[in-house]
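Pasting final.cif here (mmCIF, C-alpha atoms):
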data_start
#
loop_
_atom_site.group_PDB
_atom_site.id
_atom_site.type_symbol
_atom_site.label_atom_id
_atom_site.label_comp_id
_atom_site.auth_asym_id
_atom_site.auth_seq_id
_atom_site.Cartn_x
_atom_site.Cartn_y
_atom_site.Cartn_z
ATOM 1 C CA MET A 1 151.244 125.947 63.260
ATOM 2 C CA SER A 2 148.292 123.580 63.048
ATOM 3 C CA PHE A 3 144.698 124.304 62.081
ATOM 4 C CA ASN A 4 142.582 123.215 65.053
ATOM 5 C CA ILE A 5 139.059 121.922 64.466
ATOM 6 C CA LEU A 6 136.779 121.131 67.407
ATOM 7 C CA VAL A 7 133.856 118.760 66.990
ATOM 8 C CA ALA A 8 131.284 118.447 69.775
ATOM 9 C CA TYR A 9 130.232 114.847 70.339
ATOM 10 C CA ASP A 10 127.371 113.715 72.591
ATOM 11 C CA GLY A 11 126.456 110.336 71.113
ATOM 12 C CA SER A 12 123.492 111.616 69.097
ATOM 13 C CA ASP A 13 123.068 110.916 65.392
ATOM 14 C CA LEU A 14 123.683 114.569 64.572
ATOM 15 C CA SER A 15 126.908 114.636 66.556
ATOM 16 C CA ARG A 16 128.046 111.562 64.596
ATOM 17 C CA LYS A 17 127.277 113.478 61.397
ATOM 18 C CA ALA A 18 129.273 116.386 62.816
ATOM 19 C CA VAL A 19 132.275 114.082 63.293
ATOM 20 C CA GLU A 20 131.975 112.943 59.670
ATOM 21 C CA GLU A 21 131.824 116.561 58.482
ATOM 22 C CA ALA A 22 134.796 117.485 60.671
ATOM 23 C CA LYS A 23 136.790 114.687 59.012
ATOM 24 C CA LYS A 24 136.046 116.293 55.628
ATOM 25 C CA GLN A 25 137.156 119.679 56.948
ATOM 26 C CA VAL A 26 140.427 118.162 58.193
ATOM 27 C CA GLU A 27 141.159 116.936 54.667
ATOM 28 C CA LEU A 28 140.804 120.508 53.362
ATOM 29 C CA ALA A 29 143.227 122.056 55.846
ATOM 30 C CA GLU A 30 146.982 121.696 56.096
ATOM 31 C CA LYS A 31 148.383 120.352 59.363
ATOM 32 C CA ALA A 32 144.919 120.024 60.873
ATOM 33 C CA VAL A 33 144.267 118.626 64.324
ATOM 34 C CA LEU A 34 140.784 117.377 65.136
ATOM 35 C CA HIS A 35 139.619 117.804 68.739
ATOM 36 C CA VAL A 36 136.697 115.486 69.555
ATOM 37 C CA VAL A 37 135.149 116.818 72.746
ATOM 38 C CA THR A 38 132.288 115.663 74.949
ATOM 39 C CA VAL A 39 130.794 117.796 77.702
ATOM 40 C CA ILE A 40 129.272 116.097 80.718
ATOM 41 C CA SER A 41 126.912 118.270 82.722
ATOM 42 C CA ASN A 42 124.113 117.745 85.179
ATOM 43 C CA GLY A 43 120.743 117.431 83.499
ATOM 44 C CA GLY A 44 118.940 119.532 86.075
ATOM 45 C CA PRO A 45 118.889 120.921 89.577
ATOM 46 C CA THR A 46 119.950 118.696 92.428
ATOM 47 C CA VAL A 47 119.926 118.949 96.184
ATOM 48 C CA ASN A 48 122.856 116.572 96.579
ATOM 49 C CA VAL A 49 125.945 117.971 94.853
ATOM 50 C CA ALA A 50 128.107 114.956 95.744
ATOM 51 C CA LEU A 51 125.577 112.591 94.181
ATOM 52 C CA ALA A 52 125.339 114.762 91.050
ATOM 53 C CA ARG A 53 129.132 114.784 90.672
ATOM 54 C CA SER A 54 129.254 111.031 91.134
ATOM 55 C CA PHE A 55 126.603 110.606 88.444
ATOM 56 C CA MET A 56 128.531 112.922 86.107
ATOM 57 C CA ASN A 57 131.742 110.975 86.717
ATOM 58 C CA ASP A 58 129.889 107.762 85.835
ATOM 59 C CA LEU A 59 128.673 109.385 82.597
ATOM 60 C CA ALA A 60 132.239 110.414 81.778
ATOM 61 C CA GLU A 61 133.433 106.843 82.226
ATOM 62 C CA GLU A 62 130.627 105.649 79.923
ATOM 63 C CA ALA A 63 131.638 108.233 77.315
ATOM 64 C CA ARG A 64 135.363 107.484 77.401
ATOM 65 C CA PRO A 65 135.344 104.261 75.279
ATOM 66 C CA ALA A 66 133.346 105.882 72.462
ATOM 67 C CA ILE A 67 135.492 108.984 72.304
ATOM 68 C CA GLU A 68 138.713 106.947 72.461
ATOM 69 C CA SER A 69 137.373 104.735 69.688
ATOM 70 C CA PHE A 70 136.967 107.853 67.528
ATOM 71 C CA ARG A 71 140.559 108.865 68.279
ATOM 72 C CA GLU A 72 141.914 105.459 67.285
ATOM 73 C CA GLU A 73 139.797 105.324 64.120
ATOM 74 C CA LEU A 74 140.837 108.816 63.067
ATOM 75 C CA GLU A 75 144.521 108.254 63.749
ATOM 76 C CA GLU A 76 144.413 105.024 61.708
ATOM 77 C CA THR A 77 143.302 107.124 58.725
ATOM 78 C CA GLY A 78 146.151 109.585 59.294
ATOM 79 C CA ILE A 79 144.139 112.306 61.029
ATOM 80 C CA LYS A 80 145.851 113.841 64.034
ATOM 81 C CA CYS A 81 143.278 113.759 66.811
ATOM 82 C CA LYS A 82 142.906 114.842 70.419
ATOM 83 C CA THR A 83 139.990 113.820 72.606
ATOM 84 C CA ASP A 84 138.702 115.311 75.802
ATOM 85 C CA ILE A 85 135.798 114.935 78.187
ATOM 86 C CA LEU A 86 134.928 118.214 79.859
ATOM 87 C CA MET A 87 133.154 118.133 83.197
ATOM 88 C CA ASP A 88 130.742 121.012 83.754
ATOM 89 C CA TYR A 89 130.249 121.166 87.489
ATOM 90 C CA THR A 90 128.955 124.737 87.203
ATOM 91 C CA PHE A 91 125.680 123.534 85.640
ATOM 92 C CA ARG A 92 125.934 126.101 82.841
ATOM 93 C CA ASN A 93 125.009 125.469 79.233
ATOM 94 C CA PRO A 94 127.700 123.103 77.848
ATOM 95 C CA ALA A 95 128.363 125.686 75.137
ATOM 96 C CA SER A 96 130.335 127.713 77.682
ATOM 97 C CA GLN A 97 132.706 124.791 78.210
ATOM 98 C CA LEU A 98 133.125 124.284 74.463
ATOM 99 C CA ILE A 99 133.765 127.987 73.847
ATOM 100 C CA ASP A 100 136.363 128.081 76.642
ATOM 101 C CA TYR A 101 138.031 124.952 75.225
ATOM 102 C CA ALA A 102 138.099 126.532 71.762
ATOM 103 C CA LYS A 103 139.817 129.658 73.110
ATOM 104 C CA GLU A 104 142.347 127.715 75.182
ATOM 105 C CA ASN A 105 143.260 125.435 72.254
ATOM 106 C CA GLU A 106 143.274 128.115 69.528
ATOM 107 C CA VAL A 107 140.473 126.410 67.607
ATOM 108 C CA GLU A 108 139.730 127.954 64.212
ATOM 109 C CA LEU A 109 136.555 125.968 63.446
ATOM 110 C CA ILE A 110 133.876 124.400 65.639
ATOM 111 C CA VAL A 111 131.684 121.696 64.063
ATOM 112 C CA LEU A 112 128.544 120.526 65.860
ATOM 113 C CA GLY A 113 125.064 119.171 65.312
ATOM 114 C CA SER A 114 122.125 121.543 65.138
ATOM 115 C CA ARG A 115 120.321 119.734 67.946
ATOM 116 C CA GLY A 116 120.299 116.427 69.728
ATOM 117 C CA LEU A 117 120.086 114.648 73.012
ATOM 118 C CA GLY A 118 122.931 112.223 73.433
ATOM 119 C CA GLY A 119 122.686 109.203 75.641
ATOM 120 C CA VAL A 120 126.250 109.878 76.755
ATOM 121 C CA GLY A 121 126.497 113.622 77.322
ATOM 122 C CA ARG A 122 122.836 114.284 77.914
ATOM 123 C CA PHE A 123 122.813 117.837 76.644
ATOM 124 C CA PHE A 124 120.648 119.639 74.131
ATOM 125 C CA LEU A 125 122.651 120.705 71.105
ATOM 126 C CA GLY A 126 119.869 123.086 70.067
ATOM 127 C CA SER A 127 120.638 125.506 72.859
ATOM 128 C CA VAL A 128 124.341 124.639 72.672
ATOM 129 C CA SER A 129 124.625 125.289 68.938
ATOM 130 C CA SER A 130 122.717 128.552 69.261
ATOM 131 C CA GLN A 131 124.980 129.834 72.030
ATOM 132 C CA ILE A 132 128.137 128.777 70.197
ATOM 133 C CA VAL A 133 127.042 130.446 66.952
ATOM 134 C CA HIS A 134 126.492 133.706 68.842
ATOM 135 C CA GLN A 135 129.466 133.657 71.214
ATOM 136 C CA ALA A 136 132.336 131.742 69.606
ATOM 137 C CA GLN A 137 135.233 133.839 68.347
ATOM 138 C CA CYS A 138 135.967 131.410 65.495
ATOM 139 C CA LYS A 139 134.067 129.963 62.558
ATOM 140 C CA VAL A 140 131.201 127.597 63.368
ATOM 141 C CA LEU A 141 129.772 124.899 61.126
ATOM 142 C CA VAL A 142 126.377 123.533 62.200
ATOM 143 C CA VAL A 143 125.384 120.162 60.753
ATOM 144 C CA LYS A 144 121.715 119.264 60.125
#
Output the file's structure as structure tokens, nothing else.
Amino acid sequence: MSFNILVAYDGSDLSRKAVEEAKKQVELAEKAVLHVVTVISNGGPTVNVALARSFMNDLAEEARPAIESFREELEETGIKCKTDILMDYTFRNPASQLIDYAKENEVELIVLGSRGLGGVGRFFLGSVSSQIVHQAQCKVLVVK
């Protein structure tokens, strides 16, 4: 059985630091798999749901090259890696998506930045990290 580590990535400097810390955690665990995950959600209320979804899909396509680049880089160093872009059409805090992903993928450790506003994911890690610390059923490592 593998040790699953989830790192939340949104393009911010702190999420990049979180990826670096997650790489260190992978080295400490046997048979570790690193899940690099981005959540795309709407930045605010909208009257046109179709337009909001289209915008979110565009953001996902912008995020894909960066997250795939991480996967390739990590696998070149021998780290088993999975990447995913989660679409939050419910307009909840992205933490809910990350917590659900962690449960579904039997994640033992979540690594994320303490705060940040990524140009890709456009979500605040301050509120995300707070919610994950309080609601996740696994260990959480917050990077400053």
- Convert the output of the PyMOL selection byres ((chain A and resi 111) around 12) on the shown file into explicit residues, formatted as JSON, numbers by chain. {"A": [4, 5, 6, 7, 8, 9, 14, 15, 16, 17, 18, 19, 20, 21, 22, 23, 24, 25, 26, 34, 35, 36, 37, 98, 99, 102, 107, 108, 109, 110, 112, 113, 114, 125, 128, 129, 132, 133, 136, 138, 139, 140, 141, 142, 143, 144]}
What does the file look like for those residues with C-alpha atoms, as a tab-separated table (two decimals), in the frame of the given file?
chain	number	residue	atom	x	y	z
A	4	ASN	CA	142.58	123.22	65.05
A	5	ILE	CA	139.06	121.92	64.47
A	6	LEU	CA	136.78	121.13	67.41
A	7	VAL	CA	133.86	118.76	66.99
A	8	ALA	CA	131.28	118.45	69.78
A	9	TYR	CA	130.23	114.85	70.34
A	14	LEU	CA	123.68	114.57	64.57
A	15	SER	CA	126.91	114.64	66.56
A	16	ARG	CA	128.05	111.56	64.60
A	17	LYS	CA	127.28	113.48	61.40
A	18	ALA	CA	129.27	116.39	62.82
A	19	VAL	CA	132.28	114.08	63.29
A	20	GLU	CA	131.98	112.94	59.67
A	21	GLU	CA	131.82	116.56	58.48
A	22	ALA	CA	134.80	117.48	60.67
A	23	LYS	CA	136.79	114.69	59.01
A	24	LYS	CA	136.05	116.29	55.63
A	25	GLN	CA	137.16	119.68	56.95
A	26	VAL	CA	140.43	118.16	58.19
A	34	LEU	CA	140.78	117.38	65.14
A	35	HIS	CA	139.62	117.80	68.74
A	36	VAL	CA	136.70	115.49	69.56
A	37	VAL	CA	135.15	116.82	72.75
A	98	LEU	CA	133.12	124.28	74.46
A	99	ILE	CA	133.76	127.99	73.85
A	102	ALA	CA	138.10	126.53	71.76
A	107	VAL	CA	140.47	126.41	67.61
A	108	GLU	CA	139.73	127.95	64.21
A	109	LEU	CA	136.56	125.97	63.45
A	110	ILE	CA	133.88	124.40	65.64
A	112	LEU	CA	128.54	120.53	65.86
A	113	GLY	CA	125.06	119.17	65.31
A	114	SER	CA	122.12	121.54	65.14
A	125	LEU	CA	122.65	120.70	71.10
A	128	VAL	CA	124.34	124.64	72.67
A	129	SER	CA	124.62	125.29	68.94
A	132	ILE	CA	128.14	128.78	70.20
A	133	VAL	CA	127.04	130.45	66.95
A	136	ALA	CA	132.34	131.74	69.61
A	138	CYS	CA	135.97	131.41	65.50
A	139	LYS	CA	134.07	129.96	62.56
A	140	VAL	CA	131.20	127.60	63.37
A	141	LEU	CA	129.77	124.90	61.13
A	142	VAL	CA	126.38	123.53	62.20
A	143	VAL	CA	125.38	120.16	60.75
A	144	LYS	CA	121.72	119.26	60.12
- Taken to one decimal, the atom CA of A:Val39-atom CA of A:Ser96 distance is 9.9 Å
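Here atom CA of A:Ser41 stands at a distance of 4.8 Å from atom CA of A:Asp88.
Rounded to one decimal, atom CA of A:Ala32 and atom CA of A:Met1 lie 9.0 Å from each other.
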- Item | Picked residues, the PyMOL selection byres ((chain A and resi 57) around 12), expected as JSON, numbers by chain | {"A": [39, 40, 41, 42, 50, 51, 52, 53, 54, 55, 56, 58, 59, 60, 61, 62, 63, 64, 85, 86, 87, 88, 89, 120, 121]}
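Residue nearest A:Pro94 within the list A:Thr77, A:Ser12, A:Asn48, A:Thr38: A:Thr38 [criterion: smallest interatomic distance, all atoms listed in the file].
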Reconstruct stretch 16-42 of chain A at the level of N, CA, C and O atoms, and format the result as a PDB file, keeping the file's coordinate frame.
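Resulting contents of part20.pdb:
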ATOM      1  N   ARG A  16     127.283 112.494  65.451  1.00  0.00           N
ATOM      2  CA  ARG A  16     128.046 111.562  64.596  1.00  0.00           C
ATOM      3  C   ARG A  16     128.226 112.161  63.198  1.00  0.00           C
ATOM      4  O   ARG A  16     129.290 112.057  62.593  1.00  0.00           O
ATOM      5  N   LYS A  17     127.167 112.794  62.687  1.00  0.00           N
ATOM      6  CA  LYS A  17     127.277 113.478  61.397  1.00  0.00           C
ATOM      7  C   LYS A  17     128.285 114.623  61.478  1.00  0.00           C
ATOM      8  O   LYS A  17     129.016 114.889  60.525  1.00  0.00           O
ATOM      9  N   ALA A  18     128.310 115.294  62.627  1.00  0.00           N
ATOM     10  CA  ALA A  18     129.273 116.386  62.816  1.00  0.00           C
ATOM     11  C   ALA A  18     130.703 115.856  62.768  1.00  0.00           C
ATOM     12  O   ALA A  18     131.592 116.491  62.185  1.00  0.00           O
ATOM     13  N   VAL A  19     130.947 114.693  63.347  1.00  0.00           N
ATOM     14  CA  VAL A  19     132.275 114.082  63.293  1.00  0.00           C
ATOM     15  C   VAL A  19     132.641 113.786  61.841  1.00  0.00           C
ATOM     16  O   VAL A  19     133.774 114.056  61.403  1.00  0.00           O
ATOM     17  N   GLU A  20     131.701 113.245  61.077  1.00  0.00           N
ATOM     18  CA  GLU A  20     131.975 112.943  59.670  1.00  0.00           C
ATOM     19  C   GLU A  20     132.295 114.217  58.890  1.00  0.00           C
ATOM     20  O   GLU A  20     133.205 114.237  58.052  1.00  0.00           O
ATOM     21  N   GLU A  21     131.556 115.281  59.156  1.00  0.00           N
ATOM     22  CA  GLU A  21     131.824 116.561  58.482  1.00  0.00           C
ATOM     23  C   GLU A  21     133.172 117.123  58.916  1.00  0.00           C
ATOM     24  O   GLU A  21     133.918 117.664  58.093  1.00  0.00           O
ATOM     25  N   ALA A  22     133.504 116.996  60.179  1.00  0.00           N
ATOM     26  CA  ALA A  22     134.796 117.485  60.671  1.00  0.00           C
ATOM     27  C   ALA A  22     135.942 116.744  59.978  1.00  0.00           C
ATOM     28  O   ALA A  22     136.980 117.357  59.669  1.00  0.00           O
ATOM     29  N   LYS A  23     135.768 115.453  59.727  1.00  0.00           N
ATOM     30  CA  LYS A  23     136.790 114.687  59.012  1.00  0.00           C
ATOM     31  C   LYS A  23     137.003 115.266  57.609  1.00  0.00           C
ATOM     32  O   LYS A  23     138.142 115.372  57.146  1.00  0.00           O
ATOM     33  N   LYS A  24     135.930 115.671  56.959  1.00  0.00           N
ATOM     34  CA  LYS A  24     136.046 116.293  55.628  1.00  0.00           C
ATOM     35  C   LYS A  24     136.789 117.625  55.718  1.00  0.00           C
ATOM     36  O   LYS A  24     137.603 117.955  54.853  1.00  0.00           O
ATOM     37  N   GLN A  25     136.496 118.386  56.772  1.00  0.00           N
ATOM     38  CA  GLN A  25     137.156 119.679  56.948  1.00  0.00           C
ATOM     39  C   GLN A  25     138.654 119.507  57.200  1.00  0.00           C
ATOM     40  O   GLN A  25     139.466 120.304  56.747  1.00  0.00           O
ATOM     41  N   VAL A  26     139.022 118.455  57.927  1.00  0.00           N
ATOM     42  CA  VAL A  26     140.427 118.162  58.193  1.00  0.00           C
ATOM     43  C   VAL A  26     141.168 117.930  56.881  1.00  0.00           C
ATOM     44  O   VAL A  26     142.308 118.385  56.706  1.00  0.00           O
ATOM     45  N   GLU A  27     140.529 117.233  55.955  1.00  0.00           N
ATOM     46  CA  GLU A  27     141.159 116.936  54.667  1.00  0.00           C
ATOM     47  C   GLU A  27     141.424 118.202  53.856  1.00  0.00           C
ATOM     48  O   GLU A  27     142.333 118.236  53.030  1.00  0.00           O
ATOM     49  N   LEU A  28     140.651 119.258  54.102  1.00  0.00           N
ATOM     50  CA  LEU A  28     140.804 120.508  53.362  1.00  0.00           C
ATOM     51  C   LEU A  28     141.884 121.420  53.942  1.00  0.00           C
ATOM     52  O   LEU A  28     142.315 122.360  53.279  1.00  0.00           O
ATOM     53  N   ALA A  29     142.277 121.172  55.161  1.00  0.00           N
ATOM     54  CA  ALA A  29     143.227 122.056  55.846  1.00  0.00           C
ATOM     55  C   ALA A  29     144.603 121.392  55.950  1.00  0.00           C
ATOM     56  O   ALA A  29     144.704 120.181  56.090  1.00  0.00           O
ATOM     57  N   GLU A  30     145.628 122.210  55.894  1.00  0.00           N
ATOM     58  CA  GLU A  30     146.982 121.696  56.096  1.00  0.00           C
ATOM     59  C   GLU A  30     147.270 121.603  57.587  1.00  0.00           C
ATOM     60  O   GLU A  30     146.872 122.472  58.363  1.00  0.00           O
ATOM     61  N   LYS A  31     147.957 120.547  57.971  1.00  0.00           N
ATOM     62  CA  LYS A  31     148.383 120.352  59.363  1.00  0.00           C
ATOM     63  C   LYS A  31     147.218 120.503  60.342  1.00  0.00           C
ATOM     64  O   LYS A  31     147.338 121.141  61.380  1.00  0.00           O
ATOM     65  N   ALA A  32     146.099 119.908  60.018  1.00  0.00           N
ATOM     66  CA  ALA A  32     144.919 120.024  60.873  1.00  0.00           C
ATOM     67  C   ALA A  32     144.969 119.035  62.028  1.00  0.00           C
ATOM     68  O   ALA A  32     145.484 117.927  61.897  1.00  0.00           O
ATOM     69  N   VAL A  33     144.435 119.477  63.146  1.00  0.00           N
ATOM     70  CA  VAL A  33     144.267 118.626  64.324  1.00  0.00           C
ATOM     71  C   VAL A  33     142.787 118.660  64.672  1.00  0.00           C
ATOM     72  O   VAL A  33     142.195 119.732  64.823  1.00  0.00           O
ATOM     73  N   LEU A  34     142.196 117.483  64.793  1.00  0.00           N
ATOM     74  CA  LEU A  34     140.784 117.377  65.136  1.00  0.00           C
ATOM     75  C   LEU A  34     140.643 117.108  66.626  1.00  0.00           C
ATOM     76  O   LEU A  34     141.213 116.151  67.145  1.00  0.00           O
ATOM     77  N   HIS A  35     139.896 117.956  67.307  1.00  0.00           N
ATOM     78  CA  HIS A  35     139.619 117.804  68.739  1.00  0.00           C
ATOM     79  C   HIS A  35     138.186 117.294  68.877  1.00  0.00           C
ATOM     80  O   HIS A  35     137.233 118.012  68.558  1.00  0.00           O
ATOM     81  N   VAL A  36     138.026 116.058  69.317  1.00  0.00           N
ATOM     82  CA  VAL A  36     136.697 115.486  69.555  1.00  0.00           C
ATOM     83  C   VAL A  36     136.416 115.647  71.044  1.00  0.00           C
ATOM     84  O   VAL A  36     137.118 115.084  71.881  1.00  0.00           O
ATOM     85  N   VAL A  37     135.388 116.436  71.359  1.00  0.00           N
ATOM     86  CA  VAL A  37     135.149 116.818  72.746  1.00  0.00           C
ATOM     87  C   VAL A  37     133.713 116.505  73.150  1.00  0.00           C
ATOM     88  O   VAL A  37     132.767 116.793  72.418  1.00  0.00           O
ATOM     89  N   THR A  38     133.579 115.927  74.332  1.00  0.00           N
ATOM     90  CA  THR A  38     132.288 115.663  74.949  1.00  0.00           C
ATOM     91  C   THR A  38     132.193 116.483  76.223  1.00  0.00           C
ATOM     92  O   THR A  38     133.165 116.601  76.966  1.00  0.00           O
ATOM     93  N   VAL A  39     131.026 117.058  76.463  1.00  0.00           N
ATOM     94  CA  VAL A  39     130.794 117.796  77.702  1.00  0.00           C
ATOM     95  C   VAL A  39     129.799 117.011  78.542  1.00  0.00           C
ATOM     96  O   VAL A  39     128.725 116.646  78.068  1.00  0.00           O
ATOM     97  N   ILE A  40     130.167 116.757  79.773  1.00  0.00           N
ATOM     98  CA  ILE A  40     129.272 116.097  80.718  1.00  0.00           C
ATOM     99  C   ILE A  40     128.780 117.160  81.694  1.00  0.00           C
ATOM    100  O   ILE A  40     129.584 117.837  82.341  1.00  0.00           O
ATOM    101  N   SER A  41     127.472 117.314  81.767  1.00  0.00           N
ATOM    102  CA  SER A  41     126.912 118.270  82.722  1.00  0.00           C
ATOM    103  C   SER A  41     125.679 117.659  83.366  1.00  0.00           C
ATOM    104  O   SER A  41     125.101 116.705  82.849  1.00  0.00           O
ATOM    105  N   ASN A  42     125.292 118.218  84.469  1.00  0.00           N
ATOM    106  CA  ASN A  42     124.113 117.745  85.179  1.00  0.00           C
ATOM    107  C   ASN A  42     122.877 118.119  84.377  1.00  0.00           C
ATOM    108  O   ASN A  42     122.784 119.227  83.869  1.00  0.00           O
TER     109      ASN A  42
END
